[in-house]
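Structure, as structure tokens:
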Amino acid sequence: MGEAPPSPAGKPDQDELTRRAARVQLMVFDVDGVLSDGGLYYGDAGELMKRFDVKDGHALVLARLTGLPSAIITARTSRLVEVRGKELGLAAILQGKRNKSEAFAQLCAELQVPPEACSYMGDDLNDLGVLSQVGLSACPADAVPEVRQAVHLVSRSPGGRGAVRELVELCLRASGRWGAVLDLMRGT
């Protein structure tokens, strides 16, 4: 049985999107413009700060607790990203990776997950290589036009403001984990 054809606009229909999301075994994310709002904030002493969305982070924790791991690949290197990634319990935190395709191949090999069983959310041109390799590609609403054209899913939310949550919830619902999430939150 082959894949359903894309919708007339070139994007998969909802059924195909759900099938792709159900097959995801590892969710991978860029940081700047995806997990954060893309802004770089500098304090008076030159310290770098980033804004992360709590609801995006909570979704990543819920995914981990129900058996769906996440990882990040970013071209920048920041102590903040390391701290946030560990706080969320991410499976891998790959920083300073200018060649994201190479880093993605390394990640898949280390975690023994085929690329087609991964989702990836990116927002800029340096994400195009990984986006073309995964089973479910996504981007925030405010991604660059070339990325929005290349992905299966364009979120309704911008980066750092709910885009990650949207993809995580799609994968949790499609894979049948959403009931476990609700049970976990209800304490049952």
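By convention here, the chains of the structure tokens are called A, B, ... in the order presented, each chain's residues are numbered starting at 1, and ligands are numbered starting at 1 in the order presented.
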Counting only C-alpha atoms, which residues in segment 20-113 of chain A sit no more than 7 Å from segment 134-147 of chain A? For each one, give the nearest pair of atoms and the distance in Å, sorted by chain then residue number, as CSV.
residue,atom,partner,partner_atom,distance
A:Arg20,CA,A:Leu136,CA,5.8
A:Ala21,CA,A:Leu136,CA,6.5
A:Val34,CA,A:Pro140,CA,6.5
Query raised in the report: DSSP says helix (DSSP H, G or I) for which residues of segment 140-179 of chain A? Put them as a VMD selection string?
Result: chain A and resid 145 to 150 163 to 174 178 to 179
Requested in this report: Using only C-alpha atoms, determine which residues lie at most 12 Å from Leu65 of chain A, disregarding the query and same-chain residues fewer than 2 positions distant; provide the list as a list in words.
Outcome: His58, Ala59, Leu60, Val61, Leu62, Ala63, Gly67, Leu68, Pro69, Ser70, Leu88, Gly89, Leu90, Ala91, Leu172, Arg177, Trp178, Ala180, Val181, Leu182, Asp183, Leu184 and Met185 of chain A
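Residues within 10 Å of Leu107 of chain A, counting only C-alpha atoms and excluding same-chain residues fewer than 3 positions away, are Val28, Ala71, Ile72, Ile73, Ala91, Ala92, Ile93, Leu94, Ser101, Glu102, Ala103, Phe104, Glu110, Leu111, Gln112, Val113, Pro114 and Pro115 of chain A.
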Residue subset to file, keeping C-alpha atoms, as a compact mmCIF listing (two decimals), in the first residue's frame:
# COMPACT_ATOMS: atom_id res chain seq x y z
CA VAL A 28 14.10 16.28 16.53
CA ALA A 71 16.42 15.60 20.61
CA ILE A 72 17.84 18.88 19.37
CA ILE A 73 20.31 19.78 16.65
CA ALA A 91 17.57 12.02 24.45
CA ALA A 92 20.35 14.05 22.77
CA ILE A 93 21.56 17.64 22.63
CA LEU A 94 23.73 18.24 19.57
CA SER A 101 22.40 16.54 7.93
CA GLU A 102 25.64 14.98 9.15
CA ALA A 103 24.59 15.51 12.78
CA PHE A 104 21.19 13.97 12.05
CA GLU A 110 23.51 6.46 17.90
CA LEU A 111 19.84 6.07 18.85
CA GLN A 112 19.23 3.33 16.26
CA VAL A 113 16.24 5.08 14.72
CA PRO A 114 15.84 5.20 10.93
CA PRO A 115 15.44 8.71 9.46
Requested in this report: Determine, counting only C-alpha atoms, which protein, DNA and RNA residues have an atom within 10 Å of an atom of Arg23 of chain A; residues of the same chain fewer than 6 positions away are not included. Present the result as a PyMOL selection string.
Outcome: chain A and resi 116-119+135-136+171+174-175
Deliver the residues from the most recent selection as a file, using N, CA, C and O atoms, as a PDB file, in the first residue's frame.
ATOM      1  N   GLU A 116      13.385   7.855   8.497  1.00  0.00           N
ATOM      2  CA  GLU A 116      11.965   7.912   8.161  1.00  0.00           C
ATOM      3  C   GLU A 116      11.059   7.721   9.379  1.00  0.00           C
ATOM      4  O   GLU A 116       9.851   7.967   9.304  1.00  0.00           O
ATOM      5  N   ALA A 117      11.609   7.316  10.518  1.00  0.00           N
ATOM      6  CA  ALA A 117      10.851   7.183  11.762  1.00  0.00           C
ATOM      7  C   ALA A 117      11.040   8.406  12.660  1.00  0.00           C
ATOM      8  O   ALA A 117      10.719   8.371  13.840  1.00  0.00           O
ATOM      9  N   CYS A 118      11.554   9.485  12.079  1.00  0.00           N
ATOM     10  CA  CYS A 118      11.791  10.723  12.823  1.00  0.00           C
ATOM     11  C   CYS A 118      10.924  11.848  12.289  1.00  0.00           C
ATOM     12  O   CYS A 118      10.545  11.848  11.122  1.00  0.00           O
ATOM     13  N   SER A 119      10.647  12.784  13.169  1.00  0.00           N
ATOM     14  CA  SER A 119      10.095  14.070  12.731  1.00  0.00           C
ATOM     15  C   SER A 119      11.195  15.099  12.961  1.00  0.00           C
ATOM     16  O   SER A 119      12.084  14.898  13.790  1.00  0.00           O
ATOM     17  N   GLY A 135      10.533  11.309   8.058  1.00  0.00           N
ATOM     18  CA  GLY A 135       9.192  10.851   7.713  1.00  0.00           C
ATOM     19  C   GLY A 135       8.133  11.918   7.907  1.00  0.00           C
ATOM     20  O   GLY A 135       7.096  11.894   7.248  1.00  0.00           O
ATOM     21  N   LEU A 136       8.383  12.860   8.831  1.00  0.00           N
ATOM     22  CA  LEU A 136       7.438  13.950   9.084  1.00  0.00           C
ATOM     23  C   LEU A 136       8.236  15.232   9.294  1.00  0.00           C
ATOM     24  O   LEU A 136       8.940  15.380  10.288  1.00  0.00           O
ATOM     25  N   CYS A 171       1.843  14.081  17.153  1.00  0.00           N
ATOM     26  CA  CYS A 171       2.507  12.773  17.243  1.00  0.00           C
ATOM     27  C   CYS A 171       1.948  11.936  18.388  1.00  0.00           C
ATOM     28  O   CYS A 171       1.762  10.723  18.245  1.00  0.00           O
ATOM     29  N   ALA A 174      -1.634  10.778  17.297  1.00  0.00           N
ATOM     30  CA  ALA A 174      -1.583   9.823  16.187  1.00  0.00           C
ATOM     31  C   ALA A 174      -1.041   8.467  16.615  1.00  0.00           C
ATOM     32  O   ALA A 174      -1.444   7.440  16.080  1.00  0.00           O
ATOM     33  N   SER A 175      -0.135   8.467  17.583  1.00  0.00           N
ATOM     34  CA  SER A 175       0.475   7.210  18.033  1.00  0.00           C
ATOM     35  C   SER A 175      -0.308   6.542  19.161  1.00  0.00           C
ATOM     36  O   SER A 175       0.126   5.518  19.692  1.00  0.00           O
TER      37      SER A 175
END
Produce a table with one row for each residue of segment 63-115 of chain A that has an atom at most 12 Å from any atom of segment 38-47 of chain A, each row naming the nearest atom pair and its distance in Å at one decimal; use only C-alpha atoms; arrange rows by chain and rising residue number; format as a tab-separated table.
residue	atom	partner	partner_atom	distance
A:Arg76	CA	A:Leu40	CA	11.4
A:Ser78	CA	A:Glu47	CA	10.6
A:Arg79	CA	A:Glu47	CA	10.6
A:Leu80	CA	A:Glu47	CA	10.4
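Nearest to Asp127 of chain A of all the residues A:Gln106, A:Gln149, A:Ser155, A:Asn99 is A:Asn99, counting only C-alpha atoms.
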Query raised in the report: Which one is closest to Pro158 of chain A: A:Ser36, A:Arg173, A:Gly129, A:Ala75? Count only C-alpha atoms.
Result: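 Closest candidate: A:Ser36.
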